[in-house]
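Q: One structure, pasted below without further comment.
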Amino acid sequence: MANNRDVTTITPAHKFPAHNKYLIRCLLSSDVKHLATCSADTTVKIWSTEGEFPLETKLEGHQRWVWDCAFSADSAYLVTGLHPIA
């Protein structure tokens with residue numbers, strides 16, 4: 001990230017297509033081995049942080065947008081959360 005007087009330029013270290021719709025949440029596991037992304041496409045994807053961020057798992061079956069997720073302290077489990085119906 002380069003910061004000039006009035007402008008900050010951000011150059012991504014790596015770019016990859018994660019989801020077809022909005023990316024809602026991105027979370028790094030506590031052991032820093034996995035990255036979880038939650039999306040408006042009703043899926044959660046778990047990526048390896050090794051190399052080019054290969055997709056490890058795609059969690060499907062949510063009925064609505066997935067708004068949040070949390071790894072367990074040992075990074076063995078991932079809990080996902082949906083927004084309640086108003």
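As shown in the structure tokens, the chain order sets the letters A, B, ...; within each chain, residues go from 1, and ligands are also counted from 1 in the order they appear.
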Residues within 7 Å of Leu27 of chain A, please, as a list in words. Count only C-alpha atoms; anything in the same chain fewer than 6 positions from it doesn't count.
A: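 Once the nearby chain positions are removed, what remains is Leu35, Ala36 and Thr37 of chain A.
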Q: Could you tell me, as a JSON list (two decimals) with all heavy atoms, in the first residue's frame, which residues of chain A DSSP assigns to strand (DSSP E or B) when given the backbone?
A:
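Final output, saved to selection-v2.json:
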```
[["chain", "number", "residue", "atom", "x", "y", "z"],
["A", 2, "ALA", "N", 0.74, 2.03, -0.98],
["A", 2, "ALA", "CA", 1.54, 3.25, -1.10],
["A", 2, "ALA", "C", 0.68, 4.45, -0.70],
["A", 2, "ALA", "O", -0.44, 4.60, -1.16],
["A", 2, "ALA", "CB", 2.03, 3.41, -2.52],
["A", 3, "ASN", "N", 1.21, 5.28, 0.17],
["A", 3, "ASN", "CA", 0.46, 6.44, 0.64],
["A", 3, "ASN", "C", 1.19, 7.71, 0.22],
["A", 3, "ASN", "O", 2.25, 8.03, 0.74],
["A", 3, "ASN", "CB", 0.30, 6.38, 2.15],
["A", 3, "ASN", "CG", -0.63, 7.45, 2.66],
["A", 3, "ASN", "OD1", -1.13, 8.27, 1.90],
["A", 3, "ASN", "ND2", -0.87, 7.44, 3.95],
["A", 8, "THR", "N", -4.04, 7.31, -1.55],
["A", 8, "THR", "CA", -3.50, 6.01, -1.15],
["A", 8, "THR", "C", -3.78, 5.02, -2.28],
["A", 8, "THR", "O", -4.91, 4.89, -2.72],
["A", 8, "THR", "CB", -4.16, 5.50, 0.15],
["A", 8, "THR", "OG1", -3.88, 6.43, 1.18],
["A", 8, "THR", "CG2", -3.62, 4.14, 0.53],
["A", 9, "THR", "N", -2.75, 4.37, -2.75],
["A", 9, "THR", "CA", -2.88, 3.39, -3.82],
["A", 9, "THR", "C", -2.72, 2.00, -3.23],
["A", 9, "THR", "O", -1.72, 1.72, -2.58],
["A", 9, "THR", "CB", -1.81, 3.63, -4.90],
["A", 9, "THR", "OG1", -1.91, 4.97, -5.35],
["A", 9, "THR", "CG2", -2.00, 2.68, -6.06],
["A", 23, "LEU", "N", -19.87, -10.29, -1.91],
["A", 23, "LEU", "CA", -19.08, -10.90, -0.84],
["A", 23, "LEU", "C", -19.45, -10.16, 0.43],
["A", 23, "LEU", "O", -19.28, -8.95, 0.53],
["A", 23, "LEU", "CB", -17.59, -10.76, -1.13],
["A", 23, "LEU", "CG", -16.66, -11.38, -0.10],
["A", 23, "LEU", "CD1", -16.65, -12.90, -0.25],
["A", 23, "LEU", "CD2", -15.28, -10.82, -0.24],
["A", 24, "ILE", "N", -19.99, -10.88, 1.42],
["A", 24, "ILE", "CA", -20.49, -10.26, 2.64],
["A", 24, "ILE", "C", -19.42, -10.23, 3.74],
["A", 24, "ILE", "O", -19.27, -9.25, 4.44],
["A", 24, "ILE", "CB", -21.73, -11.02, 3.16],
["A", 24, "ILE", "CG1", -22.81, -11.15, 2.09],
["A", 24, "ILE", "CG2", -22.27, -10.38, 4.43],
["A", 24, "ILE", "CD1", -23.50, -9.89, 1.72],
["A", 25, "ARG", "N", -18.69, -11.32, 3.87],
["A", 25, "ARG", "CA", -17.72, -11.44, 4.97],
["A", 25, "ARG", "C", -16.54, -12.26, 4.51],
["A", 25, "ARG", "O", -16.68, -13.21, 3.75],
["A", 25, "ARG", "CB", -18.40, -12.13, 6.16],
["A", 25, "ARG", "CG", -17.53, -12.45, 7.31],
["A", 25, "ARG", "CD", -17.76, -11.47, 8.42],
["A", 25, "ARG", "NE", -17.22, -12.01, 9.66],
["A", 25, "ARG", "CZ", -16.46, -11.32, 10.45],
["A", 25, "ARG", "NH1", -16.15, -10.09, 10.16],
["A", 25, "ARG", "NH2", -16.01, -11.83, 11.56],
["A", 26, "CYS", "N", -15.38, -11.89, 4.99],
["A", 26, "CYS", "CA", -14.15, -12.62, 4.72],
["A", 26, "CYS", "C", -13.44, -12.78, 6.06],
["A", 26, "CYS", "O", -13.26, -11.82, 6.78],
["A", 26, "CYS", "CB", -13.31, -11.81, 3.74],
["A", 26, "CYS", "SG", -11.78, -12.59, 3.28],
["A", 27, "LEU", "N", -13.06, -14.02, 6.39],
["A", 27, "LEU", "CA", -12.50, -14.28, 7.72],
["A", 27, "LEU", "C", -11.31, -15.24, 7.62],
["A", 27, "LEU", "O", -11.41, -16.28, 6.97],
["A", 27, "LEU", "CB", -13.57, -14.88, 8.61],
["A", 27, "LEU", "CG", -13.19, -15.19, 10.05],
["A", 27, "LEU", "CD1", -12.95, -13.90, 10.81],
["A", 27, "LEU", "CD2", -14.28, -15.99, 10.72],
["A", 28, "LEU", "N", -10.24, -14.88, 8.27],
["A", 28, "LEU", "CA", -9.04, -15.71, 8.32],
["A", 28, "LEU", "C", -9.10, -16.57, 9.58],
["A", 28, "LEU", "O", -9.41, -16.06, 10.67],
["A", 28, "LEU", "CB", -7.80, -14.82, 8.34],
["A", 28, "LEU", "CG", -6.45, -15.46, 8.16],
["A", 28, "LEU", "CD1", -6.34, -16.16, 6.82],
["A", 28, "LEU", "CD2", -5.36, -14.40, 8.29],
["A", 34, "HIS", "N", -6.63, -21.13, 6.65],
["A", 34, "HIS", "CA", -7.85, -21.08, 5.85],
["A", 34, "HIS", "C", -8.45, -19.68, 5.83],
["A", 34, "HIS", "O", -8.31, -18.92, 6.79],
["A", 34, "HIS", "CB", -8.89, -22.06, 6.39],
["A", 34, "HIS", "CG", -8.45, -23.47, 6.34],
["A", 34, "HIS", "ND1", -7.85, -24.09, 7.42],
["A", 34, "HIS", "CD2", -8.45, -24.38, 5.35],
["A", 34, "HIS", "CE1", -7.53, -25.32, 7.09],
["A", 34, "HIS", "NE2", -7.88, -25.52, 5.83],
["A", 35, "LEU", "N", -9.14, -19.39, 4.73],
["A", 35, "LEU", "CA", -9.87, -18.16, 4.56],
["A", 35, "LEU", "C", -11.30, -18.55, 4.22],
["A", 35, "LEU", "O", -11.52, -19.35, 3.31],
["A", 35, "LEU", "CB", -9.25, -17.34, 3.42],
["A", 35, "LEU", "CG", -9.92, -16.02, 3.07],
["A", 35, "LEU", "CD1", -9.59, -14.99, 4.15],
["A", 35, "LEU", "CD2", -9.45, -15.53, 1.72],
["A", 36, "ALA", "N", -12.27, -18.02, 4.95],
["A", 36, "ALA", "CA", -13.68, -18.30, 4.66],
["A", 36, "ALA", "C", -14.33, -17.05, 4.10],
["A", 36, "ALA", "O", -14.08, -15.94, 4.58],
["A", 36, "ALA", "CB", -14.40, -18.73, 5.94],
["A", 37, "THR", "N", -15.14, -17.23, 3.05],
["A", 37, "THR", "CA", -15.88, -16.11, 2.46],
["A", 37, "THR", "C", -17.36, -16.43, 2.47],
["A", 37, "THR", "O", -17.78, -17.53, 2.09],
["A", 37, "THR", "CB", -15.41, -15.82, 1.02],
["A", 37, "THR", "OG1", -15.53, -17.01, 0.22],
["A", 37, "THR", "CG2", -13.97, -15.33, 0.99],
["A", 38, "CYS", "N", -18.17, -15.48, 2.93],
["A", 38, "CYS", "CA", -19.63, -15.61, 2.97],
["A", 38, "CYS", "C", -20.21, -14.72, 1.88],
["A", 38, "CYS", "O", -19.69, -13.63, 1.64],
["A", 38, "CYS", "CB", -20.16, -15.15, 4.32],
["A", 38, "CYS", "SG", -19.48, -16.02, 5.72],
["A", 39, "SER", "N", -21.32, -15.16, 1.28],
["A", 39, "SER", "CA", -21.80, -14.43, 0.12],
["A", 39, "SER", "C", -23.32, -14.34, 0.04],
["A", 39, "SER", "O", -24.05, -15.13, 0.64],
["A", 39, "SER", "CB", -21.28, -15.12, -1.14],
["A", 39, "SER", "OG", -21.80, -14.54, -2.30],
["A", 44, "VAL", "N", -20.88, -20.50, 1.31],
["A", 44, "VAL", "CA", -19.65, -20.16, 2.03],
["A", 44, "VAL", "C", -18.56, -20.97, 1.37],
["A", 44, "VAL", "O", -18.74, -22.17, 1.09],
["A", 44, "VAL", "CB", -19.74, -20.53, 3.53],
["A", 44, "VAL", "CG1", -18.42, -20.28, 4.23],
["A", 44, "VAL", "CG2", -20.86, -19.76, 4.21],
["A", 45, "LYS", "N", -17.44, -20.34, 1.11],
["A", 45, "LYS", "CA", -16.32, -21.05, 0.52],
["A", 45, "LYS", "C", -15.13, -20.98, 1.46],
["A", 45, "LYS", "O", -14.89, -19.94, 2.08],
["A", 45, "LYS", "CB", -15.96, -20.47, -0.85],
["A", 45, "LYS", "CG", -17.05, -20.70, -1.89],
["A", 45, "LYS", "CD", -16.64, -20.17, -3.24],
["A", 45, "LYS", "CE", -17.74, -20.41, -4.27],
["A", 45, "LYS", "NZ", -17.36, -19.87, -5.59],
["A", 46, "ILE", "N", -14.43, -22.09, 1.56],
["A", 46, "ILE", "CA", -13.24, -22.15, 2.39],
["A", 46, "ILE", "C", -12.04, -22.36, 1.48],
["A", 46, "ILE", "O", -12.01, -23.31, 0.69],
["A", 46, "ILE", "CB", -13.35, -23.27, 3.44],
["A", 46, "ILE", "CG1", -14.58, -23.04, 4.31],
["A", 46, "ILE", "CG2", -12.08, -23.33, 4.28],
["A", 46, "ILE", "CD1", -14.87, -24.15, 5.28],
["A", 47, "TRP", "N", -11.08, -21.46, 1.60],
["A", 47, "TRP", "CA", -9.91, -21.44, 0.74],
["A", 47, "TRP", "C", -8.67, -21.76, 1.57],
["A", 47, "TRP", "O", -8.58, -21.40, 2.73],
["A", 47, "TRP", "CB", -9.73, -20.05, 0.12],
["A", 47, "TRP", "CG", -10.98, -19.49, -0.50],
["A", 47, "TRP", "CD1", -11.98, -18.84, 0.16],
["A", 47, "TRP", "CD2", -11.36, -19.54, -1.87],
["A", 47, "TRP", "NE1", -12.96, -18.47, -0.73],
["A", 47, "TRP", "CE2", -12.61, -18.89, -1.98],
["A", 47, "TRP", "CE3", -10.76, -20.06, -3.01],
["A", 47, "TRP", "CZ2", -13.27, -18.75, -3.20],
["A", 47, "TRP", "CZ3", -11.42, -19.91, -4.21],
["A", 47, "TRP", "CH2", -12.65, -19.27, -4.30],
["A", 48, "SER", "N", -7.71, -22.40, 0.96],
["A", 48, "SER", "CA", -6.42, -22.61, 1.59],
["A", 48, "SER", "C", -5.59, -21.34, 1.40],
["A", 48, "SER", "O", -5.65, -20.72, 0.34],
["A", 48, "SER", "CB", -5.70, -23.79, 0.96],
["A", 48, "SER", "OG", -4.37, -23.88, 1.43],
["A", 55, "LEU", "N", -9.49, -23.39, -3.75],
["A", 55, "LEU", "CA", -10.75, -23.65, -3.07],
["A", 55, "LEU", "C", -10.70, -25.05, -2.45],
["A", 55, "LEU", "O", -10.41, -26.02, -3.13],
["A", 55, "LEU", "CB", -11.91, -23.56, -4.05],
["A", 55, "LEU", "CG", -13.31, -23.84, -3.50],
["A", 55, "LEU", "CD1", -13.69, -22.81, -2.45],
["A", 55, "LEU", "CD2", -14.31, -23.87, -4.64],
["A", 56, "GLU", "N", -10.97, -25.14, -1.15],
["A", 56, "GLU", "CA", -10.98, -26.44, -0.47],
["A", 56, "GLU", "C", -12.39, -27.00, -0.35],
["A", 56, "GLU", "O", -12.60, -28.18, -0.57],
["A", 56, "GLU", "CB", -10.35, -26.32, 0.92],
["A", 56, "GLU", "CG", -8.86, -26.19, 0.89],
["A", 56, "GLU", "CD", -8.23, -26.37, 2.26],
["A", 56, "GLU", "OE1", -8.96, -26.57, 3.25],
["A", 56, "GLU", "OE2", -6.99, -26.33, 2.32],
["A", 57, "THR", "N", -13.35, -26.14, 0.01],
["A", 57, "THR", "CA", -14.72, -26.60, 0.24],
["A", 57, "THR", "C", -15.71, -25.51, -0.09],
["A", 57, "THR", "O", -15.45, -24.33, 0.16],
["A", 57, "THR", "CB", -14.91, -26.98, 1.74],
["A", 57, "THR", "OG1", -13.92, -27.92, 2.11],
["A", 57, "THR", "CG2", -16.27, -27.56, 2.00],
["A", 58, "LYS", "N", -16.85, -25.91, -0.64],
["A", 58, "LYS", "CA", -17.95, -25.00, -0.89],
["A", 58, "LYS", "C", -19.14, -25.50, -0.07],
["A", 58, "LYS", "O", -19.60, -26.62, -0.26],
["A", 58, "LYS", "CB", -18.30, -24.96, -2.38],
["A", 58, "LYS", "CG", -19.42, -24.01, -2.74],
["A", 58, "LYS", "CD", -19.65, -24.02, -4.24],
["A", 58, "LYS", "CE", -20.77, -23.10, -4.64],
["A", 58, "LYS", "NZ", -21.01, -23.16, -6.10],
["A", 59, "LEU", "N", -19.61, -24.67, 0.86],
["A", 59, "LEU", "CA", -20.74, -25.04, 1.70],
["A", 59, "LEU", "C", -22.02, -24.50, 1.08],
["A", 59, "LEU", "O", -22.20, -23.29, 0.94],
["A", 59, "LEU", "CB", -20.56, -24.48, 3.11],
["A", 59, "LEU", "CG", -19.25, -24.85, 3.81],
["A", 59, "LEU", "CD1", -19.15, -24.14, 5.15],
["A", 59, "LEU", "CD2", -19.16, -26.35, 3.99],
["A", 66, "VAL", "N", -25.60, -15.52, 3.31],
["A", 66, "VAL", "CA", -24.83, -15.87, 4.49],
["A", 66, "VAL", "C", -24.11, -14.61, 4.95],
["A", 66, "VAL", "O", -23.23, -14.11, 4.27],
["A", 66, "VAL", "CB", -23.82, -17.01, 4.21],
["A", 66, "VAL", "CG1", -23.12, -17.43, 5.49],
["A", 66, "VAL", "CG2", -24.53, -18.21, 3.58],
["A", 67, "TRP", "N", -24.50, -14.10, 6.13],
["A", 67, "TRP", "CA", -24.02, -12.81, 6.60],
["A", 67, "TRP", "C", -22.77, -12.88, 7.45],
["A", 67, "TRP", "O", -22.01, -11.92, 7.55],
["A", 67, "TRP", "CB", -25.11, -12.09, 7.39],
["A", 67, "TRP", "CG", -26.16, -11.51, 6.51],
["A", 67, "TRP", "CD1", -27.30, -12.12, 6.09],
["A", 67, "TRP", "CD2", -26.15, -10.23, 5.90],
["A", 67, "TRP", "NE1", -28.01, -11.31, 5.26],
["A", 67, "TRP", "CE2", -27.33, -10.12, 5.13],
["A", 67, "TRP", "CE3", -25.27, -9.16, 5.93],
["A", 67, "TRP", "CZ2", -27.64, -8.99, 4.40],
["A", 67, "TRP", "CZ3", -25.60, -8.03, 5.21],
["A", 67, "TRP", "CH2", -26.77, -7.95, 4.45],
["A", 68, "ASP", "N", -22.54, -14.02, 8.10],
["A", 68, "ASP", "CA", -21.41, -14.07, 9.03],
["A", 68, "ASP", "C", -20.91, -15.49, 9.19],
["A", 68, "ASP", "O", -21.60, -16.46, 8.86],
["A", 68, "ASP", "CB", -21.85, -13.53, 10.39],
["A", 68, "ASP", "CG", -20.69, -12.99, 11.21],
["A", 68, "ASP", "OD1", -19.53, -13.06, 10.76],
["A", 68, "ASP", "OD2", -20.95, -12.48, 12.32],
["A", 69, "CYS", "N", -19.69, -15.60, 9.69],
["A", 69, "CYS", "CA", -19.11, -16.90, 9.99],
["A", 69, "CYS", "C", -18.07, -16.72, 11.08],
["A", 69, "CYS", "O", -17.58, -15.61, 11.30],
["A", 69, "CYS", "CB", -18.52, -17.57, 8.76],
["A", 69, "CYS", "SG", -17.14, -16.68, 8.03],
["A", 70, "ALA", "N", -17.75, -17.82, 11.75],
["A", 70, "ALA", "CA", -16.73, -17.78, 12.80],
["A", 70, "ALA", "C", -16.06, -19.14, 12.88],
["A", 70, "ALA", "O", -16.73, -20.17, 12.86],
["A", 70, "ALA", "CB", -17.35, -17.42, 14.14],
["A", 71, "PHE", "N", -14.74, -19.12, 12.96],
["A", 71, "PHE", "CA", -13.98, -20.35, 13.17],
["A", 71, "PHE", "C", -13.93, -20.64, 14.66],
["A", 71, "PHE", "O", -13.90, -19.71, 15.48],
["A", 71, "PHE", "CB", -12.54, -20.20, 12.65],
["A", 71, "PHE", "CG", -12.40, -20.32, 11.16],
["A", 71, "PHE", "CD1", -12.29, -19.19, 10.36],
["A", 71, "PHE", "CD2", -12.35, -21.56, 10.56],
["A", 71, "PHE", "CE1", -12.13, -19.30, 8.99],
["A", 71, "PHE", "CE2", -12.20, -21.69, 9.18],
["A", 71, "PHE", "CZ", -12.09, -20.56, 8.40],
["A", 78, "LEU", "N", -16.33, -24.38, 11.53],
["A", 78, "LEU", "CA", -16.79, -23.08, 11.06],
["A", 78, "LEU", "C", -18.30, -23.00, 11.29],
["A", 78, "LEU", "O", -19.04, -23.92, 10.91],
["A", 78, "LEU", "CB", -16.50, -22.90, 9.56],
["A", 78, "LEU", "CG", -16.92, -21.57, 8.96],
["A", 78, "LEU", "CD1", -15.99, -20.45, 9.43],
["A", 78, "LEU", "CD2", -16.91, -21.64, 7.44],
["A", 79, "VAL", "N", -18.75, -21.94, 11.91],
["A", 79, "VAL", "CA", -20.16, -21.70, 12.15],
["A", 79, "VAL", "C", -20.60, -20.56, 11.23],
["A", 79, "VAL", "O", -19.88, -19.56, 11.10],
["A", 79, "VAL", "CB", -20.42, -21.31, 13.63],
["A", 79, "VAL", "CG1", -21.89, -21.01, 13.86],
["A", 79, "VAL", "CG2", -19.93, -22.39, 14.55],
["A", 80, "THR", "N", -21.75, -20.72, 10.58],
["A", 80, "THR", "CA", -22.25, -19.68, 9.69],
["A", 80, "THR", "C", -23.55, -19.10, 10.25],
["A", 80, "THR", "O", -24.25, -19.75, 11.01],
["A", 80, "THR", "CB", -22.51, -20.22, 8.27],
["A", 80, "THR", "OG1", -23.51, -21.25, 8.32],
["A", 80, "THR", "CG2", -21.24, -20.75, 7.65],
["A", 81, "GLY", "N", -23.85, -17.87, 9.86],
["A", 81, "GLY", "CA", -25.06, -17.21, 10.35],
["A", 81, "GLY", "C", -25.80, -16.49, 9.24],
["A", 81, "GLY", "O", -25.20, -15.87, 8.38],
["A", 82, "LEU", "N", -27.13, -16.60, 9.30],
["A", 82, "LEU", "CA", -28.00, -15.93, 8.35],
["A", 82, "LEU", "C", -28.70, -14.79, 9.07],
["A", 82, "LEU", "O", -28.87, -14.81, 10.29],
["A", 82, "LEU", "CB", -29.05, -16.89, 7.81],
["A", 82, "LEU", "CG", -28.54, -18.19, 7.19],
["A", 82, "LEU", "CD1", -29.71, -19.08, 6.79],
["A", 82, "LEU", "CD2", -27.67, -17.90, 5.99]]
```
Q: Within 9 Å of Arg64 of chain A, counting only C-alpha atoms, which residues show up once you throw out same-chain ones fewer than 3 positions away? Write them as a compact mmCIF listing (two decimals) with all heavy atoms, in the first residue's frame, please.
A:
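Below you can see around.txt, which holds the result:
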```
# COMPACT_ATOMS: atom_id res chain seq x y z
N ALA A 40 -23.76 -13.41 -0.78
CA ALA A 40 -25.17 -13.26 -1.12
C ALA A 40 -25.64 -14.38 -2.04
O ALA A 40 -26.83 -14.55 -2.24
CB ALA A 40 -25.41 -11.91 -1.80
N ASP A 41 -24.73 -15.18 -2.57
CA ASP A 41 -25.13 -16.30 -3.42
C ASP A 41 -25.51 -17.53 -2.60
O ASP A 41 -25.65 -18.62 -3.13
CB ASP A 41 -24.05 -16.63 -4.45
CG ASP A 41 -22.75 -17.17 -3.86
OD1 ASP A 41 -22.70 -17.42 -2.63
OD2 ASP A 41 -21.78 -17.33 -4.61
N THR A 42 -25.67 -17.37 -1.28
CA THR A 42 -26.08 -18.39 -0.31
C THR A 42 -25.04 -19.48 -0.08
O THR A 42 -25.37 -20.55 0.40
CB THR A 42 -27.44 -19.05 -0.67
OG1 THR A 42 -27.30 -19.88 -1.81
CG2 THR A 42 -28.53 -18.01 -0.90
N THR A 43 -23.80 -19.20 -0.38
CA THR A 43 -22.74 -20.18 -0.15
C THR A 43 -21.65 -19.60 0.75
O THR A 43 -21.53 -18.39 0.91
CB THR A 43 -22.06 -20.64 -1.46
OG1 THR A 43 -21.37 -19.54 -2.04
CG2 THR A 43 -23.06 -21.21 -2.45
N GLY A 61 -26.51 -24.97 0.59
CA GLY A 61 -27.71 -25.38 1.31
C GLY A 61 -28.31 -24.30 2.18
O GLY A 61 -29.39 -24.49 2.75
N TRP A 67 -24.50 -14.10 6.13
CA TRP A 67 -24.02 -12.81 6.60
C TRP A 67 -22.77 -12.88 7.45
O TRP A 67 -22.01 -11.92 7.55
CB TRP A 67 -25.11 -12.09 7.39
CG TRP A 67 -26.16 -11.51 6.51
CD1 TRP A 67 -27.30 -12.12 6.09
CD2 TRP A 67 -26.15 -10.23 5.90
NE1 TRP A 67 -28.01 -11.31 5.26
CE2 TRP A 67 -27.33 -10.12 5.13
CE3 TRP A 67 -25.27 -9.16 5.93
CZ2 TRP A 67 -27.64 -8.99 4.40
CZ3 TRP A 67 -25.60 -8.03 5.21
CH2 TRP A 67 -26.77 -7.95 4.45
N LEU A 82 -27.13 -16.60 9.30
CA LEU A 82 -28.00 -15.93 8.35
C LEU A 82 -28.70 -14.79 9.07
O LEU A 82 -28.87 -14.81 10.29
CB LEU A 82 -29.05 -16.89 7.81
CG LEU A 82 -28.54 -18.19 7.19
CD1 LEU A 82 -29.71 -19.08 6.79
CD2 LEU A 82 -27.67 -17.90 5.99
N HIS A 83 -29.13 -13.80 8.33
CA HIS A 83 -29.89 -12.70 8.90
C HIS A 83 -31.32 -13.19 9.15
O HIS A 83 -31.91 -13.82 8.29
CB HIS A 83 -29.89 -11.52 7.91
CG HIS A 83 -30.40 -10.27 8.50
ND1 HIS A 83 -31.74 -9.99 8.61
CD2 HIS A 83 -29.76 -9.21 9.04
CE1 HIS A 83 -31.91 -8.82 9.16
NE2 HIS A 83 -30.71 -8.32 9.44
```
Q: Take atom CA of Lys15 of chain A and atom CA of Val32 of chain A and report the distance between them in Å, one decimal.
A: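 One can read the atom CA of Lys15 of chain A to atom CA of Val32 of chain A distance as 18.0 Å.
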Q: How far is it from atom CA of His14 of chain A to atom CA of Ser29 of chain A, in Å with one decimal?
A: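 Answer for the atom CA of His14 of chain A to atom CA of Ser29 of chain A separation: 18.1 Å.
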Q: Measure the distance from atom CA of Ala18 of chain A to atom CA of Glu60 of chain A in Å and round it to one decimal.
A: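 That distance, rounded to one decimal, is 14.1 Å.
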